[in-house]
Amino acid sequence: MENTFTTLENFGHSMSAPSYRFIPKTSEEIYEAFRLAKKSGLTVTLRGAGRSYNDAALNGGGIVLDLMGMNQIVEWDADSGVVRCEAGVTLEQLWHKVLPDGWWPPVVSGTMTTTLGGCLGANIHGKNNFRMGTIGEHVAEFTAVLPTGAEITCSPKKNGDLFYSMISGLGMLGVITTVTLQMKKIESGLLEVHAWPTRTIEDQLHSLEEGAPKYDYIVGWLDTITVGHGQIHAANYLHGDEDPEPQRTMQLSYQTLPSRLFGVMPKSLLHYLMTPFMNNLGVWGINTAKYITSLRRHTFRQSHAAFHFLLDYVPLWELSYGRSGLIQYQPFLPKETALRVWTEILALAKKRGLPPYLGVTKRHRPDKFLFTHALDGFSLALDFKVTDRNRARLNEMLQEFDQIVLEAGGRFYFAKNSETTHETTARFLGAETMARFKKLKKRTDPDGLLESDLYRRIFG
Ligand SMILES: Cc1cc2nc3c(=O)[nH]c(=O)nc-3n(C[C@H](O)[C@H](O)[C@H](O)COP(=O)(O)OP(=O)(O)OC[C@H]3O[C@@H](n4cnc5c(N)ncnc54)[C@H](O)[C@@H]3O)c2cc1C
């Protein structure tokens with residue numbers, strides 16, 4: 001099995017950890033890595049594409065199993081829309097496979113570079129969480145290798161307790177090796193998108209709440225510098241003959257994001273142009289311009305790829321945040337307390353001189369997975385620039401946010417938060433969930449081999 005000693009990073013390049021990286025290609029090689037870890041007294045962390053904003057796929061001094069080597073689409077049934085993939089298959093590979101046959105993944109993240117194993121590990125949500133739930137709700141079954149070497153199959157009916165805990169379990173209970181997923185039938189490669197401005201935080205929350213029942217997808221942008229201004233994008237699938245050329249719009253060539261800007265400049269260079277604007281004044285300028293151009297309410301058609309994967313338009317955009325990178329903070333708040341908490345944390349960030357540079361809002365619904373982050377309410381994802389000077393103050397401020405969120409009945413998302421302590425985690429999850437997790441962990445991983453930097457931070 002291929003292996004190296006290397007330094008791995010989080011998506012935002014703000015955290016790093018040296019580790020032994022193994023790239024298994026089979027279940028037997030995964031088990032071999034566990035045997036080696038046990039013999040050498042090392043821990044093991046699972047890693048997909050490493051697109052988590054935090055330390056979920058990092059393991060300082062230990063073994064990291066990079067599952068991107070297991071990346072075959074094993075079976076695709078274009079009649080039923082059921083697909084079986086190895087865990088290292090990316091969302092990009094998946095939609096490329098299914099779209100020409102008239103299907104689309106039911107839930108996707110804001111980037112197509114994530115792997116199915118990572119998406120199940122975090123139990124990702126999309127811009128349709130209020131309607132379609134998390135990705136786990138569309139999994140018919142998965143297979144997994146446990147650190148004991150046991151190979152298991154889980155579905156809602158078979159090993160149901162492991163199904164509902166390994167999905168969302170952040171790779172702490174076992175290695176998902178294959179995933180069987182139901183795709184969503186579509187009749188066009190386009191979505192009809194409606195865009196309108198919002199003037200205040202209250203206005204934005206109202207738009208998300210009122211808009212969600214009318215649309216298949218809804219997402220908001222919030223100007224976190226001039227706190228309050230924003231814009232909503234809400235989209236619907238096209239049906240029947242609304243798209244006169246569905247065969248053309250469902251072609252990959254129609255969907256694929258262009259690799260050059262204005263047909264000339266390679267987009268891989270674009271992040272260099274963004275770097276000079278990644279400061280309070282620059283972001284204020286960009287946000288103000290964006291808000292002014294968004295004042296007109298309008299409707300347009302957009303390809304699925306362009307609507308969902310806007311962030312992939314600028315490859316390596318995260319590098320524009322500079323040497324110390326970025327982190328994201330995404331609290332989930334009940335409907336009743338979202339307005340108060342969003343207002344309070346954004347005011348606090350302003351007061352501390354640590355404003356977030358991007359704010360993205362979504363509408364959610366609860367689900368029954370063990371470490372669920374979703375609830376009947378809203379989330380606000382905030383991107384913060386990290387510098388050597390602000391790192392400690394930022395961490396301290398986000399820990400303060402954690403307390404405000406918890407007291408307001410909110411939830412955390414462990415693919416995003418990088419500050420939550422084990423004391424806060426214990427309060428957040430509660431004694432019953434903690435006890436259930438410990439019992440499952442003892443069963444699947446009796447030697448405690450599966451650990452990550454995140455695991456040690458949130459469980460102590
Ligand atoms: C630009 C961008 C946009 C994003 N948008 C969204 C969004 O809209 N919604 C959302 O929910 N998230 C979003 N995310 C977060 C991202 O979807 C999650 O962090 C996801 O888990 C990353 O997948 P990955 O393959 O990179 O996994 P990694 O980051 O490598 O791992 C994530 C977790 O899954 C575990 N894991 C990995 N593989 C396996 C496996 N085979 N079996 C069991 N556990 C495993 C890891 O141990 C780790 O705990 C976004 C991230 C980025 C960078």
# chains A, B, ... in the order shown; residues from 1 in each chain; ligands from 1
>>> residues_around(residues="Phe412 of chain A", least_positions_apart="3", cutoff="10 Å", atoms="only C-alpha atoms", output="NGL selection string")
:A and (329-333 or 371-374 or 379 or 402 or 405-406 or 415-417 or 420 or 425 or 428-429)
>>> closest_atom_pairs(of="chain A", to="ligand 1", cutoff="6 Å", atoms="only C-alpha atoms and all ligand atoms", output="JSON lines")
{"residue": "A:Phe11", "atom": "CA", "partner": "ligand 1", "partner_atom_place_in_ligand_line": "53 (C)", "distance": 5.7}
{"residue": "A:Thr45", "atom": "CA", "partner": "ligand 1", "partner_atom_place_in_ligand_line": "47 (O)", "distance": 5.6}
{"residue": "A:Leu46", "atom": "CA", "partner": "ligand 1", "partner_atom_place_in_ligand_line": "47 (O)", "distance": 3.8}
{"residue": "A:Arg47", "atom": "CA", "partner": "ligand 1", "partner_atom_place_in_ligand_line": "30 (O)", "distance": 3.7}
{"residue": "A:Gly48", "atom": "CA", "partner": "ligand 1", "partner_atom_place_in_ligand_line": "30 (O)", "distance": 3.4}
{"residue": "A:Ala49", "atom": "CA", "partner": "ligand 1", "partner_atom_place_in_ligand_line": "26 (O)", "distance": 3.5}
{"residue": "A:Gly50", "atom": "CA", "partner": "ligand 1", "partner_atom_place_in_ligand_line": "30 (O)", "distance": 3.3}
{"residue": "A:Arg51", "atom": "CA", "partner": "ligand 1", "partner_atom_place_in_ligand_line": "26 (O)", "distance": 3.4}
{"residue": "A:Ser52", "atom": "CA", "partner": "ligand 1", "partner_atom_place_in_ligand_line": "19 (O)", "distance": 3.3}
{"residue": "A:Ala56", "atom": "CA", "partner": "ligand 1", "partner_atom_place_in_ligand_line": "49 (O)", "distance": 4.2}
{"residue": "A:Ala57", "atom": "CA", "partner": "ligand 1", "partner_atom_place_in_ligand_line": "48 (C)", "distance": 4.6}
{"residue": "A:Ala87", "atom": "CA", "partner": "ligand 1", "partner_atom_place_in_ligand_line": "41 (N)", "distance": 5.0}
{"residue": "A:Ser109", "atom": "CA", "partner": "ligand 1", "partner_atom_place_in_ligand_line": "8 (O)", "distance": 3.6}
{"residue": "A:Gly110", "atom": "CA", "partner": "ligand 1", "partner_atom_place_in_ligand_line": "5 (N)", "distance": 3.6}
{"residue": "A:Thr111", "atom": "CA", "partner": "ligand 1", "partner_atom_place_in_ligand_line": "3 (C)", "distance": 4.7}
{"residue": "A:Thr114", "atom": "CA", "partner": "ligand 1", "partner_atom_place_in_ligand_line": "25 (O)", "distance": 3.9}
{"residue": "A:Thr115", "atom": "CA", "partner": "ligand 1", "partner_atom_place_in_ligand_line": "25 (O)", "distance": 3.6}
{"residue": "A:Gly117", "atom": "CA", "partner": "ligand 1", "partner_atom_place_in_ligand_line": "41 (N)", "distance": 3.7}
{"residue": "A:Gly118", "atom": "CA", "partner": "ligand 1", "partner_atom_place_in_ligand_line": "27 (O)", "distance": 3.3}
{"residue": "A:Cys119", "atom": "CA", "partner": "ligand 1", "partner_atom_place_in_ligand_line": "21 (O)", "distance": 4.5}
{"residue": "A:Gly121", "atom": "CA", "partner": "ligand 1", "partner_atom_place_in_ligand_line": "34 (O)", "distance": 3.7}
{"residue": "A:Ala122", "atom": "CA", "partner": "ligand 1", "partner_atom_place_in_ligand_line": "21 (O)", "distance": 4.6}
{"residue": "A:Ile124", "atom": "CA", "partner": "ligand 1", "partner_atom_place_in_ligand_line": "11 (O)", "distance": 3.2}
{"residue": "A:His125", "atom": "CA", "partner": "ligand 1", "partner_atom_place_in_ligand_line": "11 (O)", "distance": 4.1}
{"residue": "A:Gly126", "atom": "CA", "partner": "ligand 1", "partner_atom_place_in_ligand_line": "8 (O)", "distance": 4.8}
{"residue": "A:Leu170", "atom": "CA", "partner": "ligand 1", "partner_atom_place_in_ligand_line": "49 (O)", "distance": 3.4}
{"residue": "A:Gly171", "atom": "CA", "partner": "ligand 1", "partner_atom_place_in_ligand_line": "44 (N)", "distance": 3.3}
{"residue": "A:Val175", "atom": "CA", "partner": "ligand 1", "partner_atom_place_in_ligand_line": "42 (N)", "distance": 4.0}
{"residue": "A:Ile176", "atom": "CA", "partner": "ligand 1", "partner_atom_place_in_ligand_line": "42 (N)", "distance": 3.7}
{"residue": "A:Thr177", "atom": "CA", "partner": "ligand 1", "partner_atom_place_in_ligand_line": "41 (N)", "distance": 5.6}
{"residue": "A:Leu311", "atom": "CA", "partner": "ligand 1", "partner_atom_place_in_ligand_line": "1 (C)", "distance": 5.7}
{"residue": "A:Ala415", "atom": "CA", "partner": "ligand 1", "partner_atom_place_in_ligand_line": "19 (O)", "distance": 4.5}
>>> atom_distance(atom1="atom CA of Lys39 of chain A", atom2="atom CA of Met172 of chain A")
19.3 Å
>>> closest_atom_pairs(of="segment 239-315 of chain A", to="segment 88-94 of chain A", cutoff="12 Å", atoms="only C-alpha atoms", output="JSON lines")
{"residue": "A:Leu252", "atom": "CA", "partner": "A:Glu92", "partner_atom": "CA", "distance": 11.0}
{"residue": "A:Gln255", "atom": "CA", "partner": "A:Glu92", "partner_atom": "CA", "distance": 11.4}
{"residue": "A:Thr256", "atom": "CA", "partner": "A:Glu92", "partner_atom": "CA", "distance": 10.1}
{"residue": "A:Leu257", "atom": "CA", "partner": "A:Glu92", "partner_atom": "CA", "distance": 11.4}
{"residue": "A:His304", "atom": "CA", "partner": "A:Glu92", "partner_atom": "CA", "distance": 11.9}
{"residue": "A:Ala305", "atom": "CA", "partner": "A:Glu92", "partner_atom": "CA", "distance": 9.3}
{"residue": "A:His308", "atom": "CA", "partner": "A:Leu91", "partner_atom": "CA", "distance": 11.3}
{"residue": "A:Phe309", "atom": "CA", "partner": "A:Glu92", "partner_atom": "CA", "distance": 9.9}
{"residue": "A:Asp312", "atom": "CA", "partner": "A:Glu92", "partner_atom": "CA", "distance": 10.8}
>>> closest_residue(among="A:Gly133, A:Gly240, A:Gly149, A:Gly448", to="Glu32 of chain A", atoms="only C-alpha atoms")
A:Gly149
>>> select_by_dssp(residues="segment 3-105 of chain A", states="strand (DSSP E or B)", output="mmCIF file with N, CA, C and O atoms, in the first residue's frame")
data_model
loop_
_atom_site.group_PDB
_atom_site.id
_atom_site.type_symbol
_atom_site.label_atom_id
_atom_site.label_comp_id
_atom_site.auth_asym_id
_atom_site.auth_seq_id
_atom_site.Cartn_x
_atom_site.Cartn_y
_atom_site.Cartn_z
ATOM 1 N N ASN A 3 2.395 4.662 0.900
ATOM 2 C CA ASN A 3 2.359 5.500 2.101
ATOM 3 C C ASN A 3 3.541 6.455 2.165
ATOM 4 O O ASN A 3 4.612 6.169 1.644
ATOM 5 N N THR A 4 3.296 7.639 2.796
ATOM 6 C CA THR A 4 4.350 8.665 2.919
ATOM 7 C C THR A 4 4.174 9.357 4.255
ATOM 8 O O THR A 4 3.076 9.351 4.825
ATOM 9 N N PHE A 5 5.236 10.003 4.732
ATOM 10 C CA PHE A 5 5.091 10.870 5.911
ATOM 11 C C PHE A 5 4.988 12.286 5.371
ATOM 12 O O PHE A 5 5.872 12.757 4.666
ATOM 13 N N THR A 6 3.877 12.957 5.659
ATOM 14 C CA THR A 6 3.635 14.252 5.014
ATOM 15 C C THR A 6 2.809 15.164 5.917
ATOM 16 O O THR A 6 2.192 14.696 6.871
ATOM 17 N N THR A 7 2.816 16.459 5.597
ATOM 18 C CA THR A 7 1.991 17.387 6.369
ATOM 19 C C THR A 7 0.689 17.637 5.613
ATOM 20 O O THR A 7 0.710 18.060 4.464
ATOM 21 N N LEU A 8 -0.423 17.342 6.277
ATOM 22 C CA LEU A 8 -1.735 17.544 5.652
ATOM 23 C C LEU A 8 -2.381 18.794 6.249
ATOM 24 O O LEU A 8 -2.111 19.168 7.383
ATOM 25 N N GLU A 9 -3.271 19.409 5.454
ATOM 26 C CA GLU A 9 -3.918 20.650 5.905
ATOM 27 C C GLU A 9 -5.434 20.508 5.868
ATOM 28 O O GLU A 9 -5.970 19.617 5.205
ATOM 29 N N SER A 16 -2.649 22.458 10.210
ATOM 30 C CA SER A 16 -1.882 21.411 9.536
ATOM 31 C C SER A 16 -1.408 20.392 10.563
ATOM 32 O O SER A 16 -1.367 20.686 11.762
ATOM 33 N N ALA A 17 -1.092 19.204 10.084
ATOM 34 C CA ALA A 17 -0.612 18.157 10.992
ATOM 35 C C ALA A 17 0.230 17.152 10.208
ATOM 36 O O ALA A 17 -0.230 16.627 9.186
ATOM 37 N N PRO A 18 1.455 16.885 10.678
ATOM 38 C CA PRO A 18 2.263 15.860 10.017
ATOM 39 C C PRO A 18 1.718 14.478 10.353
ATOM 40 O O PRO A 18 1.340 14.224 11.501
ATOM 41 N N SER A 19 1.646 13.616 9.357
ATOM 42 C CA SER A 19 1.098 12.285 9.627
ATOM 43 C C SER A 19 1.583 11.266 8.594
ATOM 44 O O SER A 19 2.146 11.633 7.563
ATOM 45 N N TYR A 20 1.359 10.001 8.905
ATOM 46 C CA TYR A 20 1.672 8.916 7.970
ATOM 47 C C TYR A 20 0.437 8.738 7.090
ATOM 48 O O TYR A 20 -0.611 8.326 7.586
ATOM 49 N N ARG A 21 0.579 9.050 5.802
ATOM 50 C CA ARG A 21 -0.575 8.970 4.906
ATOM 51 C C ARG A 21 -0.539 7.645 4.146
ATOM 52 O O ARG A 21 0.415 7.359 3.424
ATOM 53 N N PHE A 22 -1.575 6.852 4.331
ATOM 54 C CA PHE A 22 -1.715 5.573 3.636
ATOM 55 C C PHE A 22 -2.832 5.711 2.612
ATOM 56 O O PHE A 22 -3.857 6.321 2.903
ATOM 57 N N ILE A 23 -2.638 5.129 1.437
ATOM 58 C CA ILE A 23 -3.688 5.194 0.408
ATOM 59 C C ILE A 23 -4.150 3.771 0.075
ATOM 60 O O ILE A 23 -3.628 3.145 -0.848
ATOM 61 N N VAL A 44 -5.661 6.270 14.015
ATOM 62 C CA VAL A 44 -5.990 6.331 12.583
ATOM 63 C C VAL A 44 -7.116 7.342 12.360
ATOM 64 O O VAL A 44 -8.128 7.309 13.062
ATOM 65 N N THR A 45 -6.924 8.216 11.358
ATOM 66 C CA THR A 45 -7.978 9.162 10.945
ATOM 67 C C THR A 45 -8.343 8.884 9.499
ATOM 68 O O THR A 45 -7.470 8.589 8.684
ATOM 69 N N LEU A 46 -9.628 9.007 9.183
ATOM 70 C CA LEU A 46 -10.074 8.811 7.796
ATOM 71 C C LEU A 46 -10.121 10.159 7.100
ATOM 72 O O LEU A 46 -10.464 11.171 7.699
ATOM 73 N N ARG A 47 -9.766 10.138 5.814
ATOM 74 C CA ARG A 47 -9.766 11.377 5.038
ATOM 75 C C ARG A 47 -10.306 11.103 3.648
ATOM 76 O O ARG A 47 -9.919 10.126 3.004
ATOM 77 N N ILE A 63 -1.726 7.999 11.827
ATOM 78 C CA ILE A 63 -1.943 7.531 10.456
ATOM 79 C C ILE A 63 -3.184 8.213 9.883
ATOM 80 O O ILE A 63 -4.190 8.371 10.580
ATOM 81 N N VAL A 64 -3.093 8.640 8.646
ATOM 82 C CA VAL A 64 -4.274 9.141 7.945
ATOM 83 C C VAL A 64 -4.547 8.201 6.775
ATOM 84 O O VAL A 64 -3.677 7.984 5.930
ATOM 85 N N LEU A 65 -5.753 7.621 6.743
ATOM 86 C CA LEU A 65 -6.133 6.755 5.617
ATOM 87 C C LEU A 65 -6.801 7.620 4.565
ATOM 88 O O LEU A 65 -7.923 8.102 4.766
ATOM 89 N N ASP A 66 -6.095 7.860 3.480
ATOM 90 C CA ASP A 66 -6.618 8.687 2.385
ATOM 91 C C ASP A 66 -7.439 7.775 1.473
ATOM 92 O O ASP A 66 -6.889 6.940 0.752
ATOM 93 N N ILE A 73 -16.981 3.890 -9.543
ATOM 94 C CA ILE A 73 -18.443 3.790 -9.538
ATOM 95 C C ILE A 73 -18.738 2.336 -9.912
ATOM 96 O O ILE A 73 -18.447 1.895 -11.020
ATOM 97 N N VAL A 74 -19.255 1.572 -8.962
ATOM 98 C CA VAL A 74 -19.340 0.122 -9.123
ATOM 99 C C VAL A 74 -20.539 -0.276 -9.982
ATOM 100 O O VAL A 74 -20.446 -1.164 -10.820
ATOM 101 N N GLU A 75 -21.679 0.387 -9.784
ATOM 102 C CA GLU A 75 -22.912 -0.005 -10.481
ATOM 103 C C GLU A 75 -23.783 1.227 -10.674
ATOM 104 O O GLU A 75 -23.929 2.035 -9.733
ATOM 105 N N TRP A 76 -24.351 1.376 -11.862
ATOM 106 C CA TRP A 76 -25.274 2.505 -12.096
ATOM 107 C C TRP A 76 -26.475 1.987 -12.857
ATOM 108 O O TRP A 76 -26.336 1.409 -13.942
ATOM 109 N N ASP A 77 -27.666 2.158 -12.283
ATOM 110 C CA ASP A 77 -28.892 1.727 -12.932
ATOM 111 C C ASP A 77 -29.659 2.980 -13.370
ATOM 112 O O ASP A 77 -30.295 3.659 -12.547
ATOM 113 N N VAL A 82 -30.478 4.281 -9.031
ATOM 114 C CA VAL A 82 -29.703 3.815 -7.870
ATOM 115 C C VAL A 82 -28.249 3.611 -8.299
ATOM 116 O O VAL A 82 -27.976 2.968 -9.310
ATOM 117 N N VAL A 83 -27.335 4.161 -7.515
ATOM 118 C CA VAL A 83 -25.916 4.068 -7.855
ATOM 119 C C VAL A 83 -25.137 3.487 -6.669
ATOM 120 O O VAL A 83 -25.489 3.756 -5.515
ATOM 121 N N ARG A 84 -24.148 2.630 -6.987
ATOM 122 C CA ARG A 84 -23.293 2.113 -5.902
ATOM 123 C C ARG A 84 -21.859 2.526 -6.205
ATOM 124 O O ARG A 84 -21.346 2.271 -7.307
ATOM 125 N N CYS A 85 -21.248 3.211 -5.251
ATOM 126 C CA CYS A 85 -19.908 3.778 -5.480
ATOM 127 C C CYS A 85 -18.981 3.423 -4.335
ATOM 128 O O CYS A 85 -19.424 3.285 -3.187
ATOM 129 N N GLU A 86 -17.692 3.373 -4.645
ATOM 130 C CA GLU A 86 -16.709 3.308 -3.564
ATOM 131 C C GLU A 86 -16.683 4.674 -2.876
ATOM 132 O O GLU A 86 -17.037 5.702 -3.478
ATOM 133 N N THR A 90 -15.948 11.161 -5.939
ATOM 134 C CA THR A 90 -16.312 12.551 -5.616
ATOM 135 C C THR A 90 -17.705 12.872 -6.163
ATOM 136 O O THR A 90 -18.206 12.188 -7.067
ATOM 137 N N TRP A 103 -30.521 12.336 -14.234
ATOM 138 C CA TRP A 103 -30.572 12.256 -12.768
ATOM 139 C C TRP A 103 -29.580 13.250 -12.175
ATOM 140 O O TRP A 103 -28.640 13.678 -12.850
ATOM 141 N N TRP A 104 -29.786 13.586 -10.884
ATOM 142 C CA TRP A 104 -28.899 14.515 -10.189
ATOM 143 C C TRP A 104 -28.791 14.055 -8.728
ATOM 144 O O TRP A 104 -29.791 13.570 -8.174
#
>>> closest_atom_pairs(of="segment 265-289 of chain A", to="segment 226-238 of chain A", cutoff="9 Å", atoms="only C-alpha atoms", output="Markdown table")
| residue | atom | partner | partner_atom | distance |
| --- | --- | --- | --- | --- |
| A:Trp284 | CA | A:Thr226 | CA | 7.2 |
| A:Asn287 | CA | A:Thr226 | CA | 8.1 |
| A:Thr288 | CA | A:Thr226 | CA | 8.0 |
>>> closest_residue(among="A:Ser14, A:Pro147, A:Gly285, A:Ala78", to="Pro446 of chain A", atoms="only C-alpha atoms")
A:Pro147
